[in-house]
Every structure is written in structure tokens, then in C-alpha cells.
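Below you'll find the structure, written out as C-alpha cells, and then a few comments.
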Number of protein chains: 2
Amino acid sequence: MALIQSKTVANQVDEILLERIRDGNYLPGSRMPSESELSDELGVSRATVRTALAKLAANGLILRKQGDGTYVNARVRDVSAHFGNLWDLVQLIEGNGYKPSIRFISIQKRPATDKEALALALEEGDDLICIRRLFFADHKPVSLADNFIPFSLLREPLESINGQLHIRDIFHNYFHQDIAFVITDIRSTIIGEETRAFLGGQSDRAILNLSISFYGKNNLPLAFGINHFDDSVLRLSLVQAWA
Amino acid sequence: MALIQSKTVANQVDEILLERIRDGNYLPGSRMPSESELSDELGVSRATVRTALAKLAANGLILRKQGDGTYVNARVRDVSAHFGNLWDLVQLIEGNGYKPSIRFISIQKRPATDKEALALALEEGDDLICIRRLFFADHKPVSLADNFIPFSLLREPLESINGQLHIRDIFHNYFHQDIAFVITDIRSTIIGEETRAFLGGQSDRAILNLSISFYGKNNLPLAFGINHFDDSVLRLSLVQAWA
DNA sequence: AAGTGGTCTAGACCACGGC
DNA sequence: CCGTGGTCTAGACCACTTG
């Protein structure tokens, strides 16, 4: 098969199908080729085709009907996020149809408060790296993101950190750690004065508050993040297949 | 193997493993038996074991390490929801450690407004069924849930509807339809007077607002729901494995 | 009846981690 | 090195929908 070497075969199949959907080779609402046909055409086993299709179905991009066929979901155009990229603000902003950009506000080292020490399994007073960034959608500020990481985990010079990167890549590049899972708390709050200084707008309005704990494979907390999220500009919209 | 007949083999394996984790047969943080061992013990193929394990891993209940083993995630105790049951308020309330109950407020038939007609692909003025329910956590009101369903889809007497059921079951039992996928919008709002009459509390506080569109296999909208959600009582907390 | 997706099996090879 | 999970294959049977 004509697949460039990269990732797994199933992921490559997934990308091919995604491309065909985006390019309109498979039109919204229409029936896609059957699993056997795809299996033959791409020269992979039916099981591999199925794992790729399963991923698309889980994200709501296709609908599968036993005894009938697989259909492209026509309704997913106006959805900004899928379960799984809830924390990828750049993708979220793009999904809403805006041009994303990031302003690096500050990075500093300071001792952890007792609350922070507890959340990150540190001793009170251990050093913390605090990264503050502001996300823009078409030059309009939409999210203030703070991330707190134990200083002891840092493996590269503090100054070398590139504030434009995704947290995943920041961790990979400068901390030599990979994130295994996250726990996200979604809350609704009245915007605070500090946040309003960055996001602007009325003083008594409600904003979304995403508190995210990042954990490594060893089950230890790697970082803690808070996203103050202006949902008057950005829609947090999720698709998911029904269990 | 000693499996009662129900669902698929993979789901049965999934339930067995879940039970062993909950019962403490597999302790938090400890290593579980390998895939081959489980495969031998339960008398199913390794592939089947893997699909069950994949589900647990996706929900963050276990951590898988290539070349090492599978570990029970010790940190998932205090998580109230998983991706996939975000709309199951009863489960959410239980996950927060409260006893859930539902008060049926009202059910009525009325013509759809233009906005509602658009969302549900109806003609303006077509009849709508409006179901209003109030969810309690230990007798404390935590969520006001409105659901709007086209009257034309109803297949059973309006009066026979059991307001204690999950939306999934209401659809299955009284509308003879199954939900294929949902699109959820998460918003933050100041509590309205009407909602506050049910949920109580201060007048200027922020609450979560989950707008949910339900779609069928045919890609047509089946229903629209709005959950006004008091996040001062109930934590909306999600685990997910990192992609 | 034919074709679809849904499930399951048995076996293979690989990449990785710990010993 | 060995055992682990990660990936893939080929083939089978089933449940379902459609003509």
C-alpha cells in the first residue's frame, strides 16, 4: 500500500479516511465503502480498518449501522472540540473558526503554597515554576492559562522554554516526561479582577474555569493548570458517540 | 469460563475486571495480571482481553506500560464522571458521594418557538413535548433539567412516561428510537430567577449550563436538553487518558 | 439471499522495560 | 534476556438491514 512511514498502520488509515472526508471524496451524509472494500483497497486487514473506523466513530465523524453501512456524519461541521482535545486551546480556537495565537505573559520560580504543595505532592516551600499565557482568537483574548510545575522536574534551562508550545510538548522537551492521564474539573465562576485585566469585558460576568491535573505514568502529579475561559467568544462544544 | 449470559464477551470481561478493582482484588497502584494470564484464566482470546482493558484505560482506571505491565490507577477515587457519562446526572451525583433522586416537575405539550423548531428540524408551531425535572443530591437540588422532544416522535401515551428514567431509556421505551450521538455545549452563566426558584442560593452566582443535542442514527435531531447545573455542590470532574 | 457491521479467535512479530 | 504491552493478520461466525 502507498503509505508513508509514520506511526501505526491503523493511524495511517485513519488519516487517509479523515483526508477523504475533509476533501469531500466521502460526502457528508453519504455511505462510505464497506470495511472489506477499504481493507482490499488499502491492503490491510479488516481488523486494522476497523480500529481506524472506531476512532472516527468515537469522535462522531461517522455513523455505523449494522447490516447497512458506514455514513459520514453531516452534522459535525460546527463542533469545536472532541473529547480528548478539551485541553488543546489552539485546536479549540481553530475549531471555532478563529486564528489562534499565544502571548507569553510570564514565567517565574517561587516557593509553593501549602495548597499547591498538596496538589503536586511536594513539601511546602519547594520551588515551583509558574507559566502564565494568554490565548487569542483573532487577536481577541479568550483564555488566561496558568500552569504550575515542580521545579525539581525541570531538565533543561528555565530560559530555554518556548512558550508557544503545547503543554504536552513542553513536558516532553524540557522535563523529559510524558503525560499519561489528566483529571479535569469544570467550574463556573464570576470573573475575577486579575483575570479581567487580561480578558476584559464586564466585571460581573460568568466564565468557565477548567482546572487540570496532569499525571505521569508513575501515577505522580506532573503539573497543575487553570484555564480561565471566556465562553462568550469561544464555544466549548463537544461531540461524542452515545455509549 | 463462569460468565452469565449478557452483552458481549468483552463487556463481560470488562465488568469482571471492574468488579475486581472495586472489591480490592486488584489494589490501587498494584500491577494486574498480564494479558496472557487473564486470557488463560478467563478462557478468552488475548484480543478480547485487550478490548476490555482498552476501555478501562480510556476511562483512566488503569495505566498500561509497555514492557512492564498494567497498573490500577490509584488516583481515580475522587473523580465523579468519565467522558461518556457526562449526561448521566444520576451517575454524576453518585460519583460525588451523594444519594441521587429525581423530582418530576412537569410535562407538557406546546407549539415550538422558531428557535426550537430550527434546532429540532421542525416547522414553526409543530408540537413539542417539554419535560422538566429536578435532580437532587441527598435531598439538595443540584440540577434543573429541561428536555424538548418533537411530539410527532412519540409512540406511546404521553401520560405513561416515567420521569425517573434516563433520557436514553425514555427514548427507547416511549419513542422507539435510539440515540446515536450527542453534541454538548458547555457554558457558564449567571443563575436566572426561574432556575434559582428551583436551585436556591445566592442570586448573582455562576452556574454551569450544559446544552445537549441528541441525534439518531439517521442523523436527525431527536431532542434538545438544557441542564442548569449547580457546581457549588456537584463537582464536574473528568478523567481521561492522554492521547 | 446477499452484504453489512459486530464480535471473537489464534497466532505472529515488534518495541520496550526490568532483571 | 525474557515477559510485557502494542500492533497486525487471516479467517470465522453472528446479527442485522436491505432488496
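Identifiers for the C-alpha cells are assigned positionally: chains receive A, B, ... in sequence, residues are indexed from 1 per chain, and ligands are indexed from 1 in the order shown.
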Using only C-alpha atoms (C1' of nucleotides), determine which residues lie at most 12 Å from Ile93 (chain B), disregarding the query and same-chain residues fewer than 6 positions distant; provide the list as JSON, numbers by chain.
{"B": [79, 80, 81, 85, 86, 87, 99, 100, 101, 102, 135, 136, 137, 138, 139, 140, 141, 142, 143, 229, 230, 231, 233, 234, 235, 236, 237]}
Under the rule of at most 9 Å, produce a per-residue listing of chain A near chain B: chain, number, name, the closest pair of atoms, and the distance in Å, as JSON lines, using only C-alpha atoms.
{"residue": "A:Gly29", "atom": "CA", "partner": "B:Asn219", "partner_atom": "CA", "distance": 8.1}
{"residue": "A:Gly60", "atom": "CA", "partner": "B:Phe181", "partner_atom": "CA", "distance": 6.6}
{"residue": "A:Leu63", "atom": "CA", "partner": "B:Lys217", "partner_atom": "CA", "distance": 6.8}
{"residue": "A:Arg64", "atom": "CA", "partner": "B:Lys217", "partner_atom": "CA", "distance": 8.0}
{"residue": "A:Lys65", "atom": "CA", "partner": "B:Lys217", "partner_atom": "CA", "distance": 7.5}
{"residue": "A:Asn73", "atom": "CA", "partner": "B:Asn219", "partner_atom": "CA", "distance": 7.0}
{"residue": "A:Ala74", "atom": "CA", "partner": "B:Asn219", "partner_atom": "CA", "distance": 7.4}
{"residue": "A:Arg75", "atom": "CA", "partner": "B:Asn219", "partner_atom": "CA", "distance": 7.3}
{"residue": "A:Val76", "atom": "CA", "partner": "B:Ile183", "partner_atom": "CA", "distance": 8.6}
{"residue": "A:Val79", "atom": "CA", "partner": "B:Ile183", "partner_atom": "CA", "distance": 7.8}
{"residue": "A:Phe83", "atom": "CA", "partner": "B:Phe83", "partner_atom": "CA", "distance": 7.1}
{"residue": "A:Gly84", "atom": "CA", "partner": "B:Ala243", "partner_atom": "CA", "distance": 6.7}
{"residue": "A:Asn85", "atom": "CA", "partner": "B:Ala243", "partner_atom": "CA", "distance": 8.3}
{"residue": "A:Ile179", "atom": "CA", "partner": "B:Trp242", "partner_atom": "CA", "distance": 6.4}
{"residue": "A:Ala180", "atom": "CA", "partner": "B:Trp242", "partner_atom": "CA", "distance": 5.3}
{"residue": "A:Phe181", "atom": "CA", "partner": "B:Ala241", "partner_atom": "CA", "distance": 4.2}
{"residue": "A:Val182", "atom": "CA", "partner": "B:Gln240", "partner_atom": "CA", "distance": 5.6}
{"residue": "A:Ile183", "atom": "CA", "partner": "B:Val239", "partner_atom": "CA", "distance": 4.4}
{"residue": "A:Thr184", "atom": "CA", "partner": "B:Leu238", "partner_atom": "CA", "distance": 5.1}
{"residue": "A:Asp185", "atom": "CA", "partner": "B:Ser237", "partner_atom": "CA", "distance": 4.4}
{"residue": "A:Ile186", "atom": "CA", "partner": "B:Leu236", "partner_atom": "CA", "distance": 5.5}
{"residue": "A:Arg187", "atom": "CA", "partner": "B:Asp231", "partner_atom": "CA", "distance": 6.3}
{"residue": "A:Ser188", "atom": "CA", "partner": "B:Ser188", "partner_atom": "CA", "distance": 5.3}
{"residue": "A:Thr189", "atom": "CA", "partner": "B:Ala206", "partner_atom": "CA", "distance": 5.2}
{"residue": "A:Ile190", "atom": "CA", "partner": "B:Ala206", "partner_atom": "CA", "distance": 6.0}
{"residue": "A:Asp204", "atom": "CA", "partner": "B:Asp204", "partner_atom": "CA", "distance": 8.5}
{"residue": "A:Arg205", "atom": "CA", "partner": "B:Ile190", "partner_atom": "CA", "distance": 7.1}
{"residue": "A:Ala206", "atom": "CA", "partner": "B:Thr189", "partner_atom": "CA", "distance": 5.3}
{"residue": "A:Ile207", "atom": "CA", "partner": "B:Ser188", "partner_atom": "CA", "distance": 5.4}
{"residue": "A:Leu208", "atom": "CA", "partner": "B:Ser188", "partner_atom": "CA", "distance": 5.5}
{"residue": "A:Asn209", "atom": "CA", "partner": "B:Ser188", "partner_atom": "CA", "distance": 8.8}
{"residue": "A:Lys217", "atom": "CA", "partner": "B:Leu63", "partner_atom": "CA", "distance": 6.9}
{"residue": "A:Asn218", "atom": "CA", "partner": "B:Leu63", "partner_atom": "CA", "distance": 8.7}
{"residue": "A:Asn219", "atom": "CA", "partner": "B:Asn73", "partner_atom": "CA", "distance": 7.0}
{"residue": "A:Leu220", "atom": "CA", "partner": "B:Arg75", "partner_atom": "CA", "distance": 9.0}
{"residue": "A:Asp230", "atom": "CA", "partner": "B:Ser188", "partner_atom": "CA", "distance": 8.9}
{"residue": "A:Asp231", "atom": "CA", "partner": "B:Arg187", "partner_atom": "CA", "distance": 6.3}
{"residue": "A:Ser232", "atom": "CA", "partner": "B:Arg187", "partner_atom": "CA", "distance": 8.3}
{"residue": "A:Arg235", "atom": "CA", "partner": "B:Asp185", "partner_atom": "CA", "distance": 7.0}
{"residue": "A:Leu236", "atom": "CA", "partner": "B:Ile186", "partner_atom": "CA", "distance": 5.5}
{"residue": "A:Ser237", "atom": "CA", "partner": "B:Asp185", "partner_atom": "CA", "distance": 4.4}
{"residue": "A:Leu238", "atom": "CA", "partner": "B:Thr184", "partner_atom": "CA", "distance": 5.1}
{"residue": "A:Val239", "atom": "CA", "partner": "B:Ile183", "partner_atom": "CA", "distance": 4.4}
{"residue": "A:Gln240", "atom": "CA", "partner": "B:Val182", "partner_atom": "CA", "distance": 5.6}
{"residue": "A:Ala241", "atom": "CA", "partner": "B:Phe181", "partner_atom": "CA", "distance": 4.2}
{"residue": "A:Trp242", "atom": "CA", "partner": "B:Phe181", "partner_atom": "CA", "distance": 4.7}
{"residue": "A:Ala243", "atom": "CA", "partner": "B:Gly84", "partner_atom": "CA", "distance": 6.7}
Quick one: write out the picked residues with C-alpha atoms as a PDB file, in the first residue's frame?
ATOM      1  CA  GLY A  29     -24.385  12.047   4.724  1.00  0.00           C
ATOM      2  CA  GLY A  60     -18.769  11.320  15.959  1.00  0.00           C
ATOM      3  CA  LEU A  63     -22.139   6.741  11.898  1.00  0.00           C
ATOM      4  CA  ARG A  64     -22.126   2.990  11.659  1.00  0.00           C
ATOM      5  CA  LYS A  65     -25.232   0.940  11.026  1.00  0.00           C
ATOM      6  CA  ASN A  73     -21.893  12.442   9.796  1.00  0.00           C
ATOM      7  CA  ALA A  74     -23.193  15.615   8.177  1.00  0.00           C
ATOM      8  CA  ARG A  75     -23.712  17.390  11.459  1.00  0.00           C
ATOM      9  CA  VAL A  76     -20.228  17.672  12.837  1.00  0.00           C
ATOM     10  CA  VAL A  79     -18.296  21.440  16.533  1.00  0.00           C
ATOM     11  CA  PHE A  83     -13.459  14.598  23.819  1.00  0.00           C
ATOM     12  CA  GLY A  84      -9.731  14.260  24.071  1.00  0.00           C
ATOM     13  CA  ASN A  85      -8.635  17.656  22.900  1.00  0.00           C
ATOM     14  CA  ILE A 179       1.677  12.749  30.427  1.00  0.00           C
ATOM     15  CA  ALA A 180      -0.316   9.576  30.988  1.00  0.00           C
ATOM     16  CA  PHE A 181      -3.678  10.941  32.048  1.00  0.00           C
ATOM     17  CA  VAL A 182      -5.407  14.080  33.189  1.00  0.00           C
ATOM     18  CA  ILE A 183      -8.227  14.941  35.558  1.00  0.00           C
ATOM     19  CA  THR A 184     -10.242  17.992  34.594  1.00  0.00           C
ATOM     20  CA  ASP A 185     -12.623  19.932  36.810  1.00  0.00           C
ATOM     21  CA  ILE A 186     -15.091  22.166  35.033  1.00  0.00           C
ATOM     22  CA  ARG A 187     -16.431  25.044  37.063  1.00  0.00           C
ATOM     23  CA  SER A 188     -18.366  28.209  36.519  1.00  0.00           C
ATOM     24  CA  THR A 189     -17.209  31.383  38.244  1.00  0.00           C
ATOM     25  CA  ILE A 190     -17.664  35.115  38.233  1.00  0.00           C
ATOM     26  CA  ASP A 204     -19.847  40.644  36.771  1.00  0.00           C
ATOM     27  CA  ARG A 205     -19.978  38.088  34.036  1.00  0.00           C
ATOM     28  CA  ALA A 206     -19.539  34.343  34.369  1.00  0.00           C
ATOM     29  CA  ILE A 207     -16.637  32.493  32.808  1.00  0.00           C
ATOM     30  CA  LEU A 208     -15.624  28.861  32.580  1.00  0.00           C
ATOM     31  CA  ASN A 209     -12.864  27.578  34.748  1.00  0.00           C
ATOM     32  CA  LYS A 217       2.844   7.013  34.024  1.00  0.00           C
ATOM     33  CA  ASN A 218       4.200   6.586  37.503  1.00  0.00           C
ATOM     34  CA  ASN A 219       0.923   7.996  38.795  1.00  0.00           C
ATOM     35  CA  LEU A 220       2.609  11.051  40.252  1.00  0.00           C
ATOM     36  CA  ASP A 230     -14.215  33.263  28.092  1.00  0.00           C
ATOM     37  CA  ASP A 231     -17.139  31.286  26.711  1.00  0.00           C
ATOM     38  CA  SER A 232     -18.874  34.352  25.339  1.00  0.00           C
ATOM     39  CA  ARG A 235     -17.899  27.833  22.274  1.00  0.00           C
ATOM     40  CA  LEU A 236     -16.882  24.734  24.162  1.00  0.00           C
ATOM     41  CA  SER A 237     -18.728  22.239  22.049  1.00  0.00           C
ATOM     42  CA  LEU A 238     -18.184  18.502  22.180  1.00  0.00           C
ATOM     43  CA  VAL A 239     -19.360  15.602  20.060  1.00  0.00           C
ATOM     44  CA  GLN A 240     -19.473  12.097  21.241  1.00  0.00           C
ATOM     45  CA  ALA A 241     -20.935   8.824  20.122  1.00  0.00           C
ATOM     46  CA  TRP A 242     -23.559   7.579  22.518  1.00  0.00           C
ATOM     47  CA  ALA A 243     -22.367   4.635  24.585  1.00  0.00           C
TER      48      ALA A 243
END
At most 8 Å is the cut-off: for each residue in chain C with any atom that close to an atom of chain A, write down the nearest atom pair and the distance in Å rounded to one decimal, counting only C-alpha atoms (C1' of nucleotides), chain first then increasing number, as a tab-separated table.
residue	atom	partner	partner_atom	distance
C:DG3	C1'	A:Gly67	CA	7.5
C:DT4	C1'	A:Gly67	CA	4.1
C:DG5	C1'	A:Gln66	CA	4.4
C:DG6	C1'	A:Gln66	CA	7.4
For all heavy atoms, I'd like the residues from the last selection saved as a PDB file, in the first residue's frame.
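selection-v2.pdb, written as the output of this step:
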ATOM      1  P    DG C   3     -23.269 -10.268  -2.331  1.00  0.00           P
ATOM      2  OP1  DG C   3     -22.859  -9.741  -3.646  1.00  0.00           O
ATOM      3  OP2  DG C   3     -22.644 -11.477  -1.774  1.00  0.00           O
ATOM      4  O5'  DG C   3     -23.135  -9.101  -1.260  1.00  0.00           O
ATOM      5  C5'  DG C   3     -23.923  -7.934  -1.432  1.00  0.00           C
ATOM      6  C4'  DG C   3     -23.893  -7.135  -0.147  1.00  0.00           C
ATOM      7  O4'  DG C   3     -24.670  -7.814   0.859  1.00  0.00           O
ATOM      8  C3'  DG C   3     -22.483  -6.981   0.437  1.00  0.00           C
ATOM      9  O3'  DG C   3     -22.268  -5.627   0.792  1.00  0.00           O
ATOM     10  C2'  DG C   3     -22.503  -7.861   1.670  1.00  0.00           C
ATOM     11  C1'  DG C   3     -23.964  -7.772   2.074  1.00  0.00           C
ATOM     12  N9   DG C   3     -24.401  -8.870   2.924  1.00  0.00           N
ATOM     13  C8   DG C   3     -24.140 -10.211   2.784  1.00  0.00           C
ATOM     14  N7   DG C   3     -24.662 -10.947   3.726  1.00  0.00           N
ATOM     15  C5   DG C   3     -25.313 -10.032   4.545  1.00  0.00           C
ATOM     16  C6   DG C   3     -26.050 -10.238   5.728  1.00  0.00           C
ATOM     17  O6   DG C   3     -26.294 -11.298   6.305  1.00  0.00           O
ATOM     18  N1   DG C   3     -26.539  -9.038   6.239  1.00  0.00           N
ATOM     19  C2   DG C   3     -26.333  -7.800   5.679  1.00  0.00           C
ATOM     20  N2   DG C   3     -26.872  -6.768   6.304  1.00  0.00           N
ATOM     21  N3   DG C   3     -25.643  -7.604   4.572  1.00  0.00           N
ATOM     22  C4   DG C   3     -25.160  -8.751   4.060  1.00  0.00           C
ATOM     23  P    DT C   4     -20.870  -5.145   1.313  1.00  0.00           P
ATOM     24  OP1  DT C   4     -20.494  -4.023   0.451  1.00  0.00           O
ATOM     25  OP2  DT C   4     -19.971  -6.310   1.508  1.00  0.00           O
ATOM     26  O5'  DT C   4     -21.183  -4.569   2.753  1.00  0.00           O
ATOM     27  C5'  DT C   4     -22.152  -3.536   2.925  1.00  0.00           C
ATOM     28  C4'  DT C   4     -22.563  -3.532   4.368  1.00  0.00           C
ATOM     29  O4'  DT C   4     -23.157  -4.814   4.660  1.00  0.00           O
ATOM     30  C3'  DT C   4     -21.408  -3.462   5.340  1.00  0.00           C
ATOM     31  O3'  DT C   4     -21.089  -2.126   5.632  1.00  0.00           O
ATOM     32  C2'  DT C   4     -21.981  -4.135   6.585  1.00  0.00           C
ATOM     33  C1'  DT C   4     -23.080  -5.022   6.041  1.00  0.00           C
ATOM     34  N1   DT C   4     -22.881  -6.479   6.268  1.00  0.00           N
ATOM     35  C2   DT C   4     -23.463  -7.046   7.365  1.00  0.00           C
ATOM     36  O2   DT C   4     -24.099  -6.408   8.179  1.00  0.00           O
ATOM     37  N3   DT C   4     -23.256  -8.399   7.483  1.00  0.00           N
ATOM     38  C4   DT C   4     -22.539  -9.219   6.624  1.00  0.00           C
ATOM     39  O4   DT C   4     -22.430 -10.414   6.829  1.00  0.00           O
ATOM     40  C5   DT C   4     -21.945  -8.554   5.500  1.00  0.00           C
ATOM     41  C7   DT C   4     -21.137  -9.347   4.509  1.00  0.00           C
ATOM     42  C6   DT C   4     -22.141  -7.229   5.370  1.00  0.00           C
ATOM     43  P    DG C   5     -19.709  -1.841   6.393  1.00  0.00           P
ATOM     44  OP1  DG C   5     -19.403  -0.415   6.214  1.00  0.00           O
ATOM     45  OP2  DG C   5     -18.753  -2.872   5.964  1.00  0.00           O
ATOM     46  O5'  DG C   5     -20.066  -2.106   7.907  1.00  0.00           O
ATOM     47  C5'  DG C   5     -20.964  -1.235   8.584  1.00  0.00           C
ATOM     48  C4'  DG C   5     -21.448  -1.913   9.855  1.00  0.00           C
ATOM     49  O4'  DG C   5     -21.705  -3.298   9.580  1.00  0.00           O
ATOM     50  C3'  DG C   5     -20.453  -1.889  11.023  1.00  0.00           C
ATOM     51  O3'  DG C   5     -21.189  -1.714  12.222  1.00  0.00           O
ATOM     52  C2'  DG C   5     -19.824  -3.269  10.942  1.00  0.00           C
ATOM     53  C1'  DG C   5     -21.037  -4.100  10.514  1.00  0.00           C
ATOM     54  N9   DG C   5     -20.682  -5.357   9.878  1.00  0.00           N
ATOM     55  C8   DG C   5     -19.964  -5.519   8.721  1.00  0.00           C
ATOM     56  N7   DG C   5     -19.808  -6.768   8.386  1.00  0.00           N
ATOM     57  C5   DG C   5     -20.453  -7.476   9.398  1.00  0.00           C
ATOM     58  C6   DG C   5     -20.613  -8.875   9.570  1.00  0.00           C
ATOM     59  O6   DG C   5     -20.204  -9.784   8.846  1.00  0.00           O
ATOM     60  N1   DG C   5     -21.336  -9.161  10.726  1.00  0.00           N
ATOM     61  C2   DG C   5     -21.835  -8.219  11.597  1.00  0.00           C
ATOM     62  N2   DG C   5     -22.490  -8.679  12.662  1.00  0.00           N
ATOM     63  N3   DG C   5     -21.699  -6.907  11.436  1.00  0.00           N
ATOM     64  C4   DG C   5     -20.993  -6.617  10.319  1.00  0.00           C
ATOM     65  P    DG C   6     -20.461  -1.857  13.646  1.00  0.00           P
ATOM     66  OP1  DG C   6     -21.169  -1.006  14.612  1.00  0.00           O
ATOM     67  OP2  DG C   6     -19.017  -1.675  13.393  1.00  0.00           O
ATOM     68  O5'  DG C   6     -20.741  -3.370  14.065  1.00  0.00           O
ATOM     69  C5'  DG C   6     -21.956  -3.700  14.720  1.00  0.00           C
ATOM     70  C4'  DG C   6     -21.705  -4.864  15.669  1.00  0.00           C
ATOM     71  O4'  DG C   6     -21.411  -6.042  14.911  1.00  0.00           O
ATOM     72  C3'  DG C   6     -20.512  -4.653  16.604  1.00  0.00           C
ATOM     73  O3'  DG C   6     -20.847  -5.135  17.895  1.00  0.00           O
ATOM     74  C2'  DG C   6     -19.410  -5.449  15.947  1.00  0.00           C
ATOM     75  C1'  DG C   6     -20.203  -6.611  15.342  1.00  0.00           C
ATOM     76  N9   DG C   6     -19.538  -7.213  14.187  1.00  0.00           N
ATOM     77  C8   DG C   6     -18.936  -6.542  13.165  1.00  0.00           C
ATOM     78  N7   DG C   6     -18.419  -7.331  12.261  1.00  0.00           N
ATOM     79  C5   DG C   6     -18.697  -8.609  12.731  1.00  0.00           C
ATOM     80  C6   DG C   6     -18.380  -9.876  12.184  1.00  0.00           C
ATOM     81  O6   DG C   6     -17.773 -10.121  11.139  1.00  0.00           O
ATOM     82  N1   DG C   6     -18.851 -10.919  12.986  1.00  0.00           N
ATOM     83  C2   DG C   6     -19.534 -10.749  14.158  1.00  0.00           C
ATOM     84  N2   DG C   6     -19.900 -11.871  14.793  1.00  0.00           N
ATOM     85  N3   DG C   6     -19.838  -9.568  14.673  1.00  0.00           N
ATOM     86  C4   DG C   6     -19.384  -8.543  13.917  1.00  0.00           C
TER      87       DG C   6
END
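For the choices A:Lys109, A:Asn96, A:Thr8, A:Gly200, the atom-to-atom distance to DC14 (chain C) is smallest for A:Thr8 when using only C-alpha atoms (C1' of nucleotides).
For DC8 (chain C), the set of protein, DNA and RNA residues having any atom at most 12 Å away, when counting only C-alpha atoms (C1' of nucleotides) and skipping those fewer than 2 positions along the same chain, is Ala47 of chain A; Thr8, Val9, Ala10, Gly43, Val44, Ser45, Arg46, Ala47, Thr48, Val49, Arg50 and Thr51 of chain B; DG6 and DA10 of chain C; DG11, DA12, DC13 and DC14 of chain D.
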Could you write those residues out with N, CA, C and O atoms (P, O5', C5', C4', C3', O3' and C1' of nucleotides), as a compact mmCIF listing (two decimals), in the first residue's frame?
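Result written to out-v9.txt:
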# COMPACT_ATOMS: atom_id res chain seq x y z
N ALA A 47 -9.45 -5.93 10.46
CA ALA A 47 -9.33 -5.51 11.86
C ALA A 47 -8.67 -4.14 11.94
O ALA A 47 -9.08 -3.29 12.73
N THR B 8 -21.71 -8.59 25.35
CA THR B 8 -20.63 -9.25 24.64
C THR B 8 -19.62 -9.84 25.62
O THR B 8 -19.60 -9.48 26.79
N VAL B 9 -18.79 -10.70 25.11
CA VAL B 9 -17.76 -11.30 25.95
C VAL B 9 -16.81 -10.24 26.49
O VAL B 9 -16.47 -10.23 27.66
N ALA B 10 -16.44 -9.31 25.60
CA ALA B 10 -15.51 -8.26 26.01
C ALA B 10 -16.11 -7.42 27.14
O ALA B 10 -15.41 -7.07 28.10
N GLY B 43 -10.42 -17.75 29.77
CA GLY B 43 -10.75 -18.59 28.63
C GLY B 43 -11.20 -17.83 27.40
O GLY B 43 -11.99 -18.32 26.61
N VAL B 44 -10.70 -16.60 27.24
CA VAL B 44 -11.00 -15.84 26.03
C VAL B 44 -9.69 -15.46 25.35
O VAL B 44 -8.62 -15.61 25.94
N SER B 45 -9.79 -14.99 24.15
CA SER B 45 -8.57 -14.66 23.41
C SER B 45 -7.94 -13.40 23.98
O SER B 45 -8.58 -12.60 24.65
N ARG B 46 -6.68 -13.22 23.67
CA ARG B 46 -5.98 -12.05 24.17
C ARG B 46 -6.59 -10.78 23.59
O ARG B 46 -6.68 -9.76 24.26
N ALA B 47 -7.04 -10.86 22.35
CA ALA B 47 -7.65 -9.68 21.72
C ALA B 47 -8.87 -9.21 22.50
O ALA B 47 -9.08 -8.01 22.69
N THR B 48 -9.66 -10.16 22.96
CA THR B 48 -10.86 -9.82 23.73
C THR B 48 -10.49 -9.17 25.05
O THR B 48 -11.08 -8.16 25.46
N VAL B 49 -9.48 -9.75 25.71
CA VAL B 49 -8.99 -9.14 26.94
C VAL B 49 -8.54 -7.71 26.66
O VAL B 49 -8.84 -6.78 27.43
N ARG B 50 -7.88 -7.53 25.55
CA ARG B 50 -7.36 -6.20 25.23
C ARG B 50 -8.45 -5.17 25.01
O ARG B 50 -8.31 -4.01 25.42
N THR B 51 -9.55 -5.55 24.37
CA THR B 51 -10.61 -4.56 24.17
C THR B 51 -11.21 -4.16 25.52
O THR B 51 -11.57 -3.00 25.72
P DG C 6 -20.46 -1.86 13.65
O5' DG C 6 -20.74 -3.37 14.06
C5' DG C 6 -21.96 -3.70 14.72
C4' DG C 6 -21.70 -4.86 15.67
C3' DG C 6 -20.51 -4.65 16.60
O3' DG C 6 -20.85 -5.13 17.90
C1' DG C 6 -20.20 -6.61 15.34
P DA C 10 -8.86 -19.81 20.46
O5' DA C 10 -7.61 -19.86 19.49
C5' DA C 10 -7.78 -20.30 18.13
C4' DA C 10 -6.50 -19.97 17.37
C3' DA C 10 -5.22 -20.14 18.20
O3' DA C 10 -4.30 -20.91 17.44
C1' DA C 10 -5.30 -17.98 17.22
P DG D 11 -7.15 -16.31 4.76
O5' DG D 11 -8.27 -16.92 5.73
C5' DG D 11 -7.88 -17.73 6.83
C4' DG D 11 -8.98 -17.73 7.87
C3' DG D 11 -10.41 -17.86 7.29
O3' DG D 11 -11.02 -19.01 7.83
C1' DG D 11 -10.31 -16.22 8.97
P DA D 12 -12.33 -19.63 7.07
O5' DA D 12 -13.41 -19.65 8.24
C5' DA D 12 -13.01 -20.09 9.53
C4' DA D 12 -13.87 -19.43 10.57
C3' DA D 12 -15.37 -19.45 10.25
O3' DA D 12 -15.98 -20.51 10.97
C1' DA D 12 -14.62 -17.36 11.24
P DC D 13 -17.44 -21.02 10.44
O5' DC D 13 -18.42 -20.15 11.34
C5' DC D 13 -18.30 -20.19 12.75
C4' DC D 13 -19.03 -19.00 13.34
C3' DC D 13 -20.49 -18.88 12.88
O3' DC D 13 -21.34 -19.00 14.01
C1' DC D 13 -19.37 -16.78 12.83
P DC D 14 -22.94 -19.07 13.80
O5' DC D 14 -23.38 -17.61 14.28
C5' DC D 14 -22.91 -17.10 15.52
C4' DC D 14 -23.22 -15.62 15.60
C3' DC D 14 -24.67 -15.30 15.26
O3' DC D 14 -25.31 -14.74 16.41
C1' DC D 14 -23.15 -13.82 14.14
Could the residues of chain D within 10 Å of chain A, counting only C-alpha atoms (C1' of nucleotides), be given as a ChimeraX atom specification, please?
/D:6-10,15-18
Filtering to C-alpha atoms (C1' of nucleotides), could you give me those residues as a compact mmCIF listing (two decimals), in the first residue's frame?
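The resulting file, again09.txt, is reproduced below:
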# COMPACT_ATOMS: atom_id res chain seq x y z
C1' DG D 6 1.39 -2.64 21.06
C1' DT D 7 0.23 -3.90 16.53
C1' DC D 8 -1.37 -6.60 12.74
C1' DT D 9 -3.18 -10.57 10.14
C1' DA D 10 -6.49 -14.09 8.30
C1' DA D 15 -26.94 -10.10 13.93
C1' DC D 16 -28.82 -7.06 11.33
C1' DT D 17 -30.80 -4.41 7.21
C1' DT D 18 -32.00 -4.12 2.70
